[in-house]
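Colleague: Below is entry.txt; it holds compact mmCIF, C-alpha atoms.
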# COMPACT_ATOMS: atom_id res chain seq x y z
CA SER M 1 0.00 0.00 0.00
CA SER M 2 0.98 3.62 -0.46
CA SER M 3 -0.40 7.03 0.36
CA ASP M 4 -2.65 6.99 -2.72
CA ASP M 5 -3.55 3.35 -3.35
CA CYS M 6 -3.14 -0.24 -2.27
CA PHE M 7 -2.78 -3.58 -4.05
CA VAL M 8 -4.42 -6.84 -2.98
CA GLY M 9 -3.29 -10.05 -4.69
CA VAL M 10 -5.32 -13.26 -4.81
CA GLU M 11 -3.89 -16.61 -5.93
CA PHE M 12 -6.02 -19.60 -6.98
CA TYR M 13 -5.45 -23.28 -7.46
CA TRP M 14 -4.03 -24.45 -10.78
CA GLY M 15 -6.51 -25.12 -13.55
CA ARG M 16 -9.24 -22.67 -12.51
CA GLU M 17 -10.93 -20.65 -15.27
CA VAL M 18 -9.53 -17.11 -15.04
CA ASP M 19 -12.52 -15.36 -16.66
CA ALA M 20 -14.97 -17.01 -14.26
CA LEU M 21 -12.77 -16.12 -11.29
CA ARG M 22 -12.59 -12.52 -12.43
CA LEU M 23 -16.39 -12.24 -12.43
CA GLU M 24 -16.56 -13.90 -9.03
CA VAL M 25 -14.02 -11.49 -7.55
CA LYS M 26 -15.85 -8.52 -9.08
CA GLU M 27 -19.12 -9.68 -7.49
CA LYS M 28 -17.46 -9.98 -4.09
CA VAL M 29 -15.94 -6.51 -4.39
CA ASP M 30 -19.31 -5.02 -5.39
CA GLN M 31 -20.92 -6.64 -2.35
CA ILE M 32 -18.54 -4.96 0.10
CA ARG M 33 -18.29 -1.66 -1.78
CA PRO M 34 -20.83 0.11 0.51
CA ASP M 35 -18.74 -0.85 3.55
CA LEU M 36 -15.51 0.63 2.17
CA PRO M 37 -14.34 4.16 3.07
CA SER M 38 -16.08 6.91 1.12
CA ASP M 39 -12.83 8.34 -0.28
CA ILE M 40 -12.12 5.16 -2.28
CA ARG M 41 -12.91 6.13 -5.87
CA ASP M 42 -11.71 3.50 -8.33
CA ILE M 43 -11.28 -0.24 -7.85
CA SER M 44 -9.52 -1.96 -10.75
CA ILE M 45 -9.29 -5.73 -11.21
CA PHE M 46 -6.36 -7.17 -13.14
CA THR M 47 -5.90 -10.84 -14.01
CA PHE M 48 -2.67 -12.61 -14.88
CA ASN M 49 -1.72 -16.16 -15.73
CA SER M 50 1.26 -17.86 -17.31
CA ALA M 51 -0.19 -17.30 -20.80
CA ASP M 52 0.02 -13.53 -20.29
CA SER M 53 3.78 -13.40 -20.92
CA PRO M 54 4.51 -11.03 -23.83
CA VAL M 55 5.16 -12.51 -27.24
CA MET M 56 7.22 -9.44 -28.19
CA VAL M 57 8.58 -6.43 -26.34
CA GLY M 58 10.07 -3.38 -28.03
CA ARG M 59 10.60 0.37 -28.09
CA ILE M 60 9.47 3.18 -30.39
CA SER M 61 11.50 6.37 -30.90
CA ALA M 62 12.12 9.10 -33.50
CA LYS M 63 15.28 11.01 -34.33
CA GLY M 64 15.13 14.48 -32.76
CA ARG M 65 11.47 14.06 -31.83
CA ASP M 66 9.65 13.35 -28.58
CA LEU M 67 6.74 10.97 -29.27
CA SER M 68 5.17 11.34 -25.82
CA GLY M 69 2.73 13.84 -27.36
CA SER M 70 1.88 11.75 -30.42
CA TYR M 71 -0.62 9.30 -28.99
CA ASP M 72 -3.07 9.61 -31.90
CA LEU M 73 -0.35 8.89 -34.47
CA ILE M 74 1.00 5.87 -32.59
CA GLU M 75 -2.46 4.48 -31.94
CA LYS M 76 -3.58 4.85 -35.56
CA LYS M 77 -0.41 3.78 -37.37
CA ILE M 78 1.17 1.25 -34.98
CA ILE M 79 -1.10 0.00 -32.21
CA ASN M 80 -4.32 -0.55 -34.17
CA PRO M 81 -2.63 -2.38 -37.12
CA LEU M 82 -0.85 -4.68 -34.64
CA LYS M 83 -4.13 -5.38 -32.83
CA ARG M 84 -5.69 -6.54 -36.10
CA VAL M 85 -3.00 -9.19 -36.65
CA GLN M 86 -4.47 -12.69 -36.37
CA GLY M 87 -3.67 -14.31 -33.03
CA VAL M 88 -2.85 -11.07 -31.20
CA GLY M 89 -4.86 -10.71 -28.02
CA GLN M 90 -3.61 -7.36 -26.70
CA VAL M 91 -1.15 -4.59 -27.54
CA ASN M 92 0.01 -2.40 -24.66
CA ILE M 93 2.02 0.82 -24.73
CA ASP M 94 3.66 2.84 -21.98
CA GLY M 95 5.21 6.27 -22.14
CA VAL M 96 2.45 7.98 -24.11
CA ALA M 97 -1.18 8.61 -23.21
CA PRO M 98 -4.21 10.33 -24.76
CA LYS M 99 -4.97 13.92 -23.88
CA GLU M 100 -6.93 14.47 -20.71
CA VAL M 101 -8.46 17.39 -18.85
CA SER M 102 -6.53 18.53 -15.78
CA VAL M 103 -7.82 21.04 -13.22
CA TYR M 104 -5.20 23.05 -11.32
CA LEU M 105 -6.63 24.94 -8.34
CA HIS M 106 -5.14 28.32 -7.44
CA MET M 107 -4.73 28.69 -3.70
CA ASP M 108 -4.81 32.48 -3.75
CA LYS M 109 -8.10 32.52 -5.71
CA ILE M 110 -9.62 29.96 -3.36
CA LYS M 111 -8.75 32.10 -0.33
CA GLU M 112 -9.90 35.26 -2.07
CA HIS M 113 -13.36 33.84 -2.80
CA ASN M 114 -13.49 31.79 0.42
CA VAL M 115 -14.25 28.59 -1.48
CA ASP M 116 -14.73 25.22 0.24
CA VAL M 117 -12.41 22.84 -1.67
CA ARG M 118 -14.53 19.84 -0.72
CA ARG M 119 -17.49 21.56 -2.32
CA VAL M 120 -15.43 22.00 -5.51
CA PHE M 121 -14.64 18.29 -5.60
CA GLY M 122 -18.31 17.51 -5.07
CA ASP M 123 -19.35 19.79 -7.94
CA LEU M 124 -16.78 18.19 -10.24
CA GLN M 125 -18.02 14.71 -9.42
CA ALA M 126 -21.63 15.75 -9.89
CA ALA M 127 -20.80 17.23 -13.30
CA GLY M 128 -20.42 13.74 -14.76
CA LEU M 129 -22.76 11.81 -12.50
CA SER M 130 -25.45 9.39 -13.63
CA ILE M 131 -28.35 9.10 -11.18
CA THR M 132 -31.46 6.91 -11.20
CA VAL M 133 -34.48 9.10 -10.48
CA GLY M 134 -37.17 6.43 -10.62
CA LYS M 135 -39.42 4.61 -13.05
CA VAL M 136 -42.24 5.69 -15.32
CA THR M 137 -45.12 3.32 -16.03
CA GLU M 138 -47.21 4.02 -19.10
CA ARG M 139 -49.44 1.73 -21.19
CA GLY M 140 -48.21 -1.33 -19.37
CA LEU M 141 -44.55 -0.50 -19.92
CA ARG M 142 -42.16 0.32 -17.10
CA VAL M 143 -39.22 2.50 -18.14
CA PRO M 144 -36.33 3.39 -15.78
CA VAL M 145 -35.39 7.08 -15.83
CA ARG M 146 -31.82 8.29 -15.30
CA THR M 147 -30.25 11.73 -15.33
CA TRP M 148 -26.96 12.04 -17.12
CA SER M 149 -24.65 15.03 -16.93
CA GLU M 150 -22.10 15.21 -19.72
CA MET M 151 -19.85 17.97 -21.01
CA ASP M 152 -18.94 18.26 -24.66
CA SER M 153 -15.70 20.22 -24.22
CA TYR M 154 -13.32 21.40 -21.56
CA GLU M 155 -14.62 24.93 -22.12
CA ASP M 156 -17.91 23.74 -20.59
CA LEU M 157 -15.92 22.60 -17.58
CA GLU M 158 -14.40 26.05 -17.21
CA ASP M 159 -17.94 27.49 -17.09
CA LEU M 160 -19.00 25.05 -14.33
CA PRO M 161 -20.79 26.94 -11.49
CA ILE M 162 -19.15 26.71 -8.08
CA GLY M 163 -21.52 27.10 -5.17
CA GLN M 164 -24.72 29.15 -5.31
CA GLY M 165 -23.31 32.40 -6.67
CA SER M 166 -21.92 33.48 -10.03
CA LEU M 167 -18.50 31.97 -9.36
CA ARG M 168 -17.18 29.73 -12.12
CA LEU M 169 -14.43 27.09 -12.06
CA GLU M 170 -12.21 29.21 -14.31
CA ASP M 171 -12.23 31.90 -11.60
CA ILE M 172 -10.38 29.67 -9.13
CA ALA M 173 -8.57 27.15 -11.33
CA SER M 174 -6.88 26.55 -14.67
CA VAL M 175 -8.41 23.90 -16.90
CA VAL M 176 -5.85 22.36 -19.26
CA TYR M 177 -6.45 19.83 -22.02
CA GLN M 178 -3.16 18.10 -22.87
CA GLU M 179 -1.14 14.90 -22.55
CA PRO M 180 -0.43 14.00 -18.92
CA ALA M 181 3.05 14.85 -17.72
CA LEU M 182 5.32 11.83 -17.30
CA THR M 183 7.45 11.33 -14.20
CA TYR M 184 9.68 8.71 -15.88
CA GLY M 185 11.20 8.05 -19.28
CA ARG M 186 12.90 5.55 -21.58
CA HIS M 187 15.57 6.05 -24.22
CA LEU M 188 16.43 4.34 -27.49
CA ASN M 189 19.50 5.48 -29.44
CA GLN M 190 19.73 8.51 -27.12
CA GLU M 191 16.17 9.54 -27.99
CA GLN M 192 13.03 9.54 -25.87
CA ALA M 193 11.31 6.17 -26.39
CA ILE M 194 7.94 4.51 -25.84
CA ALA M 195 7.57 0.92 -24.67
CA PHE M 196 5.17 -1.54 -26.26
CA TRP M 197 4.51 -5.24 -25.73
CA MET M 198 2.08 -7.70 -27.29
CA LEU M 199 0.18 -10.68 -25.89
CA LYS M 200 -1.23 -13.53 -27.93
CA GLU M 201 -4.73 -14.96 -27.81
CA SER M 202 -5.32 -18.11 -25.79
CA GLY M 203 -4.44 -21.15 -27.88
CA ALA M 204 -2.62 -19.19 -30.60
CA ASN M 205 0.75 -20.46 -31.81
CA VAL M 206 3.56 -18.21 -30.59
CA VAL M 207 5.77 -18.71 -33.65
CA ASP M 208 2.94 -18.03 -36.14
CA VAL M 209 1.83 -14.91 -34.26
CA ALA M 210 5.40 -13.60 -34.08
CA GLU M 211 5.92 -14.10 -37.82
CA ARG M 212 2.75 -12.17 -38.64
CA LEU M 213 3.74 -9.38 -36.24
CA ARG M 214 7.19 -9.04 -37.81
CA ALA M 215 5.59 -8.88 -41.27
CA GLU M 216 3.27 -6.10 -40.07
CA LEU M 217 6.17 -4.18 -38.52
CA ASP M 218 8.10 -4.44 -41.80
CA LYS M 219 5.12 -2.94 -43.66
CA MET M 220 5.12 0.04 -41.29
CA GLN M 221 8.58 1.05 -42.47
CA ASP M 222 7.06 2.04 -45.83
CA ASP M 223 4.41 4.28 -44.25
CA PRO M 224 5.22 7.97 -44.95
CA ALA M 225 3.53 9.01 -41.69
CA LEU M 226 6.11 6.97 -39.75
CA LYS M 227 9.14 8.34 -41.54
CA GLY M 228 11.97 8.71 -39.05
CA VAL M 229 10.23 6.53 -36.45
CA ASP M 230 12.29 3.54 -35.27
CA VAL M 231 10.64 0.40 -33.95
CA VAL M 232 13.09 -1.95 -32.23
CA LEU M 233 12.28 -5.39 -30.82
CA PHE M 234 14.54 -6.64 -28.05
CA TRP M 235 12.45 -9.61 -26.88
CA ASP M 236 10.86 -12.20 -29.17
CA GLN M 237 9.54 -15.33 -27.54
CA SER M 238 9.46 -17.17 -30.86
CA GLU M 239 13.22 -16.78 -31.28
CA GLN M 240 13.80 -18.68 -28.05
CA ILE M 241 11.43 -21.43 -29.16
CA LEU M 242 13.01 -21.74 -32.60
CA GLY M 243 16.48 -21.56 -31.07
CA SER M 244 15.64 -24.42 -28.73
CA LEU M 245 14.34 -26.49 -31.63
CA ARG M 246 17.45 -25.77 -33.70
CA ALA M 247 19.67 -26.75 -30.76
CA LEU M 248 17.61 -29.91 -30.28
CA ARG M 249 17.94 -30.81 -33.96
CA SER M 250 21.69 -30.20 -33.93
CA SER M 251 22.19 -32.20 -30.75
CA GLY M 252 20.03 -35.01 -32.13
CA MET M 253 22.04 -35.24 -35.34
CA ILE M 254 25.35 -35.27 -33.47
CA GLY M 255 24.03 -37.85 -31.03
CA ALA M 256 22.72 -40.04 -33.86
CA VAL M 257 26.07 -40.01 -35.67
CA LEU M 258 27.98 -40.84 -32.48
CA ALA M 259 25.51 -43.61 -31.62
CA VAL M 260 25.92 -45.19 -35.06
CA LEU M 261 29.72 -45.05 -34.80
CA VAL M 262 29.73 -46.61 -31.33
CA LEU M 263 27.30 -49.34 -32.41
CA PHE M 264 29.42 -50.18 -35.45
CA PHE M 265 32.55 -50.30 -33.27
CA PHE M 266 31.02 -52.94 -31.01
CA LEU M 267 28.79 -54.83 -33.46
CA ARG M 268 31.32 -54.90 -36.33
CA SER M 269 28.41 -55.29 -38.74
CA ILE M 270 27.12 -52.65 -41.15
CA ARG M 271 23.83 -54.51 -41.54
CA SER M 272 23.10 -54.67 -37.80
CA THR M 273 24.19 -51.06 -37.32
CA LEU M 274 21.86 -49.84 -40.09
CA ILE M 275 18.91 -51.70 -38.58
CA ILE M 276 19.32 -49.87 -35.26
CA ALA M 277 20.14 -46.56 -36.97
CA LEU M 278 16.92 -46.72 -39.02
CA ALA M 279 14.85 -47.75 -35.99
CA ILE M 280 15.71 -44.49 -34.16
CA PRO M 281 14.22 -41.97 -36.66
CA PHE M 282 11.35 -44.34 -37.48
CA SER M 283 10.31 -44.52 -33.82
CA ILE M 284 10.60 -40.74 -33.38
CA ILE M 285 8.49 -40.06 -36.50
CA ALA M 286 5.88 -42.57 -35.34
CA ALA M 287 5.72 -40.95 -31.90
CA CYS M 288 5.38 -37.44 -33.40
CA CYS M 289 2.59 -38.67 -35.71
CA PHE M 290 0.76 -40.04 -32.67
CA LEU M 291 1.14 -36.70 -30.86
CA PHE M 292 -0.16 -34.82 -33.91
CA LEU M 293 -3.16 -37.08 -34.50
CA THR M 294 -4.18 -36.97 -30.83
CA GLY M 295 -3.95 -33.16 -30.67
CA ARG M 296 -0.90 -33.07 -28.39
CA SER M 297 2.21 -30.96 -28.86
CA LEU M 298 5.93 -31.12 -28.21
CA ASN M 299 6.96 -29.73 -24.86
CA ILE M 300 9.66 -30.39 -22.29
CA LEU M 301 7.84 -33.42 -20.89
CA THR M 302 7.17 -35.13 -24.26
CA MET M 303 10.71 -34.42 -25.49
CA MET M 304 12.13 -35.95 -22.30
CA GLY M 305 9.97 -38.99 -22.97
CA LEU M 306 11.28 -39.27 -26.52
CA MET M 307 14.83 -38.95 -25.27
CA LEU M 308 14.36 -41.75 -22.74
CA ALA M 309 12.51 -43.90 -25.26
CA VAL M 310 15.27 -43.60 -27.86
CA GLY M 311 17.87 -44.55 -25.27
CA MET M 312 15.91 -47.63 -24.23
CA LEU M 313 15.26 -48.48 -27.87
CA VAL M 314 18.99 -48.55 -28.65
CA ASP M 315 19.77 -50.60 -25.54
CA ASN M 316 17.06 -53.16 -26.24
CA ALA M 317 17.95 -53.33 -29.95
CA VAL M 318 21.59 -54.09 -29.16
CA VAL M 319 20.61 -56.88 -26.77
CA VAL M 320 18.15 -58.46 -29.22
CA LEU M 321 20.50 -58.16 -32.21
CA GLU M 322 23.38 -59.73 -30.27
CA SER M 323 21.17 -62.68 -29.32
CA ILE M 324 19.98 -63.12 -32.94
CA HIS M 325 23.53 -62.82 -34.24
CA ARG M 326 24.73 -65.58 -31.89
CA HIS M 327 22.08 -67.97 -33.21
CA GLN M 328 22.91 -67.09 -36.81
CA VAL M 329 26.56 -67.93 -36.21
CA ASN M 330 25.53 -71.39 -34.93
CA GLY M 331 23.52 -71.94 -38.13
CA GLY M 332 19.87 -71.60 -39.11
CA ASP M 333 17.63 -69.59 -41.39
CA PRO M 334 17.17 -65.86 -40.63
CA THR M 335 13.48 -66.16 -39.66
CA THR M 336 13.99 -68.99 -37.17
CA THR M 337 17.07 -67.45 -35.59
CA SER M 338 15.37 -64.05 -35.29
CA ILE M 339 12.35 -65.54 -33.45
CA ARG M 340 14.50 -67.74 -31.21
CA GLY M 341 16.98 -64.97 -30.39
CA ALA M 342 14.22 -62.48 -29.56
CA LYS M 343 12.41 -64.98 -27.31
CA GLU M 344 15.53 -65.71 -25.30
CA VAL M 345 16.04 -62.09 -24.26
CA ALA M 346 12.36 -61.00 -24.25
CA LEU M 347 12.01 -61.35 -20.47
CA ALA M 348 15.26 -59.47 -19.81
CA VAL M 349 14.31 -56.66 -22.20
CA PHE M 350 10.83 -56.40 -20.68
CA ALA M 351 12.27 -56.27 -17.15
CA ALA M 352 14.80 -53.57 -18.08
CA THR M 353 12.12 -51.45 -19.79
CA SER M 354 9.69 -51.93 -16.90
CA THR M 355 12.18 -50.47 -14.43
CA SER M 356 12.30 -47.22 -16.39
CA ILE M 357 8.51 -47.15 -16.63
CA ILE M 358 8.16 -47.70 -12.88
CA VAL M 359 10.62 -44.89 -12.13
CA PHE M 360 8.95 -42.28 -14.37
CA ALA M 361 5.30 -43.39 -14.20
CA PRO M 362 4.57 -41.33 -11.04
CA VAL M 363 5.16 -38.17 -13.09
CA VAL M 364 1.93 -38.90 -14.98
CA PHE M 365 -0.07 -38.83 -11.73
CA THR M 366 1.43 -35.66 -10.28
CA SER M 367 -0.67 -32.52 -10.16
CA LYS M 368 -0.27 -29.94 -12.91
CA ARG M 369 1.24 -27.45 -10.47
CA THR M 370 3.91 -29.94 -9.37
CA GLY M 371 4.64 -30.90 -12.96
CA CYS M 372 5.04 -27.23 -13.85
CA LEU M 373 7.56 -26.73 -11.06
CA LEU M 374 9.50 -29.84 -12.13
CA PHE M 375 9.62 -29.40 -15.88
CA PHE M 376 8.90 -25.75 -16.67
CA PRO M 377 11.34 -23.39 -14.90
CA LYS M 378 10.20 -19.79 -14.79
CA GLN M 379 11.61 -17.65 -17.58
CA GLY M 380 10.65 -14.59 -19.56
CA PRO M 381 11.58 -11.03 -20.37
CA GLN M 382 12.18 -8.28 -17.93
CA SER M 383 9.26 -6.03 -17.09
CA PRO M 384 8.38 -3.74 -20.03
As a first step, turn the structure in this file into structure tokens.
Modeller:
Amino acid sequence: SSSDDCFVGVEFYWGREVDALRLEVKEKVDQIRPDLPSDIRDISIFTFNSADSPVMVGRISAKGRDLSGSYDLIEKKIINPLKRVQGVGQVNIDGVAPKEVSVYLHMDKIKEHNVDVRRVFGDLQAAGLSITVGKVTERGLRVPVRTWSEMDSYEDLEDLPIGQGSLRLEDIASVVYQEPALTYGRHLNQEQAIAFWMLKESGANVVDVAERLRAELDKMQDDPALKGVDVVLFWDQSEQILGSLRALRSSGMIGAVLAVLVLFFFLRSIRSTLIIALAIPFSIIAACCFLFLTGRSLNILTMMGLMLAVGMLVDNAVVVLESIHRHQVNGGDPTTTSIRGAKEVALAVFAATSTSIIVFAPVVFTSKRTGCLLFFPKQGPQSP
């Protein structure tokens, strides 16, 4: 809490629907609103979950130009086009804001006219107040009636009566319509900068959304209205994902080559080595096809499973091939020796595989929260 506001955080169990919880919290807050102190004006409810991490974070600046007063330009030419990109859920900016009306009271004028400041605040609140005055029943229809006070311009606010006399707001205060003054700032290439970050829709693919956003940002460079405006991205979640996949592919290829060389060194048979070498990619492709057809995706847990499965596949294949090779040396047709050799080591292979299953099977029955802590370490960009 601070002198002007306070923050209350609420955490829920894993798997709860955030939108439903937001409505529930709002209902609870509305129920206790009459019991809260009268000077509490605004209560804002913000929700956050792990899917709210930004897809992209960047800065906007212009050479020799301060964009903090160009909200309309940035909203029309940058923010709105990015919002229309398929898969984008939200585009946020910080460092620029739309114009607003500010009222600066003059202490000397207030003392001169002997004005009650609390009465001024009450008149300002009443100037934009909506009040229910009752209901009108006519011809079987019941219509609620409300009074609505609305000003069309800040000049109307200057002419607002204060008290019962002829005193107006402009007599004791200055009414200014402009961008709010900032108490902080950011820089890009030694120029004043504006921060922006984008969130994806629930269920959207991060890589696809990032590609479409980069294409839209490239199109903005040809817009004459944005001449001299630099848009720089320093965080792109898709780059980390693609980098991890590239590293996984590179490591897999190196591991496959080393595995083939080691197998050939011990087996001394090109034929047996090729059988095992072909079984590795075939099993991985089959597993990925199963994941795709069942609507699942590759993540840390499934990739760990593939890694363990490939290791067990190589181990079991070496044992079975060695048993078959021994029978072939003693004589016999390939079919008979293959069946006999596989049967001899079937129990041992099953026992060895079962031990790995027993060790890792409990992971399937852990809660989602525990699994997240085990397999998904927290990572992400710094605060925008």
Colleague: May I have the protein, DNA and RNA residues with any atom at most 12 Å from the point (18.4, 6.0, -29.0), counting all atoms listed in the file, written as an MDAnalysis selection string?
Modeller: chainID M and resid 59:66 186:194 229:232
Colleague: Write out as CSV a residue-level contact list of region 79-186 of chain M versus region 208-216 of chain M with cut-off 8 Å: for each qualifying residue the closest pair of atoms and the distance in Å to one decimal, counting only C-alpha atoms, rows sorted by chain and residue number upward.
Modeller:
residue,atom,partner,partner_atom,distance
M:Pro81,CA,M:Glu216,CA,7.6
M:Leu82,CA,M:Leu213,CA,6.8
M:Val85,CA,M:Leu213,CA,6.8
M:Gln86,CA,M:Val209,CA,7.0
M:Gly87,CA,M:Val209,CA,5.7
M:Val88,CA,M:Val209,CA,6.8
Colleague: Measuring atom to atom with only C-alpha atoms, identify which of M:Ala351, M:Leu248, M:Ile74, M:Leu124 is nearest to Val91 (chain M).
Modeller: M:Ile74
Colleague: Have a look at CA of Cys288 (chain M) and CA of Ser251 (chain M) and let me know their distance in Å, one decimal.
Modeller: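 Computed distance, CA of Cys288 (chain M) to CA of Ser251 (chain M), equals 17.8 Å.
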Colleague: Given the choices M:Leu67, M:Ala309, M:Val10, M:Ile79, which gets closest to Ile45 (chain M) if the distance is worked out from all atoms listed in the file?
Modeller: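 Between M:Leu67, M:Ala309, M:Val10, M:Ile79, the residue approaching Ile45 (chain M) most closely is M:Val10.
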Colleague: What is the CA of Asp72 (chain M)-CA of Gln221 (chain M) distance in Å, reported with one decimal?
Modeller: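 Rounded to one decimal, the two atoms are 17.9 Å apart.
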Colleague: Counting only C-alpha atoms, figure out which residue out of M:Glu11, M:Asp315, M:Asp333, M:Glu138 gets nearest to Ala348 (chain M).
Modeller: M:Asp315
Colleague: Using CA of Val363 (chain M) and CA of Ser238 (chain M) as the two end points, give the distance in Å to one decimal.
Modeller: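 Computed distance, CA of Val363 (chain M) to CA of Ser238 (chain M), equals 27.8 Å.
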Colleague: I'd like to know which of M:Leu347, M:Met303, M:Arg326, M:Thr183 is closest to Gly252 (chain M), using all atoms listed in the file.
Modeller: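 The answer is M:Met303, which sits nearest to Gly252 (chain M).
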Colleague: Between M:Leu245, M:Ile284, M:Val55, M:Leu36, which has the minimum distance to Ala204 (chain M) (counting all atoms listed in the file)?
Modeller: M:Val55
Colleague: I'd like to know which of M:Phe292, M:Val345, M:Ile275, M:Arg249 is closest to Asn316 (chain M), using only C-alpha atoms.
Modeller: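 Closest candidate: M:Val345.
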Colleague: Show which residues sit within 10 Å of region 153-168 of chain M, as a PyMOL selection string. Count all atoms listed in the file, and ignore same-chain residues fewer than 6 positions away.
Modeller: chain M and resi 100-103+113+115-116+119-124+127+174-177
Colleague: So that I have them on file, write out the residues from the current selection with C-alpha atoms, as an mmCIF file, keeping the file's coordinate frame.
Modeller:
data_model
loop_
_atom_site.group_PDB
_atom_site.id
_atom_site.type_symbol
_atom_site.label_atom_id
_atom_site.label_comp_id
_atom_site.auth_asym_id
_atom_site.auth_seq_id
_atom_site.Cartn_x
_atom_site.Cartn_y
_atom_site.Cartn_z
ATOM 1 C CA GLU M 100 -6.930 14.470 -20.710
ATOM 2 C CA VAL M 101 -8.460 17.390 -18.850
ATOM 3 C CA SER M 102 -6.530 18.530 -15.780
ATOM 4 C CA VAL M 103 -7.820 21.040 -13.220
ATOM 5 C CA HIS M 113 -13.360 33.840 -2.800
ATOM 6 C CA VAL M 115 -14.250 28.590 -1.480
ATOM 7 C CA ASP M 116 -14.730 25.220 0.240
ATOM 8 C CA ARG M 119 -17.490 21.560 -2.320
ATOM 9 C CA VAL M 120 -15.430 22.000 -5.510
ATOM 10 C CA PHE M 121 -14.640 18.290 -5.600
ATOM 11 C CA GLY M 122 -18.310 17.510 -5.070
ATOM 12 C CA ASP M 123 -19.350 19.790 -7.940
ATOM 13 C CA LEU M 124 -16.780 18.190 -10.240
ATOM 14 C CA ALA M 127 -20.800 17.230 -13.300
ATOM 15 C CA SER M 174 -6.880 26.550 -14.670
ATOM 16 C CA VAL M 175 -8.410 23.900 -16.900
ATOM 17 C CA VAL M 176 -5.850 22.360 -19.260
ATOM 18 C CA TYR M 177 -6.450 19.830 -22.020
#
Colleague: Return as JSON the box centre and box size in Å, one decimal, for an axis-aligned box around all listed atoms of region 160-175 of chain M padded by 8 Å per side.
Modeller:
{"center_x": -15.8, "center_y": 28.7, "center_z": -11.0, "size_x": 33.8, "size_y": 25.6, "size_z": 27.7}
Colleague: Would you kindly return, as a PDB file with C-alpha atoms, in the frame of the given file, each protein, DNA or RNA residue with an atom no farther than 12 Å from any atom of Glu112 (chain M), considering only C-alpha atoms and excluding same-chain residues fewer than 4 positions away?
Modeller:
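The result, stored in part.pdb:
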ATOM      1  CA  HIS M 106      -5.140  28.320  -7.440  1.00  0.00           C
ATOM      2  CA  MET M 107      -4.730  28.690  -3.700  1.00  0.00           C
ATOM      3  CA  ASP M 108      -4.810  32.480  -3.750  1.00  0.00           C
ATOM      4  CA  ASP M 116     -14.730  25.220   0.240  1.00  0.00           C
ATOM      5  CA  LEU M 167     -18.500  31.970  -9.360  1.00  0.00           C
ATOM      6  CA  ASP M 171     -12.230  31.900 -11.600  1.00  0.00           C
ATOM      7  CA  ILE M 172     -10.380  29.670  -9.130  1.00  0.00           C
TER       8      ILE M 172
END
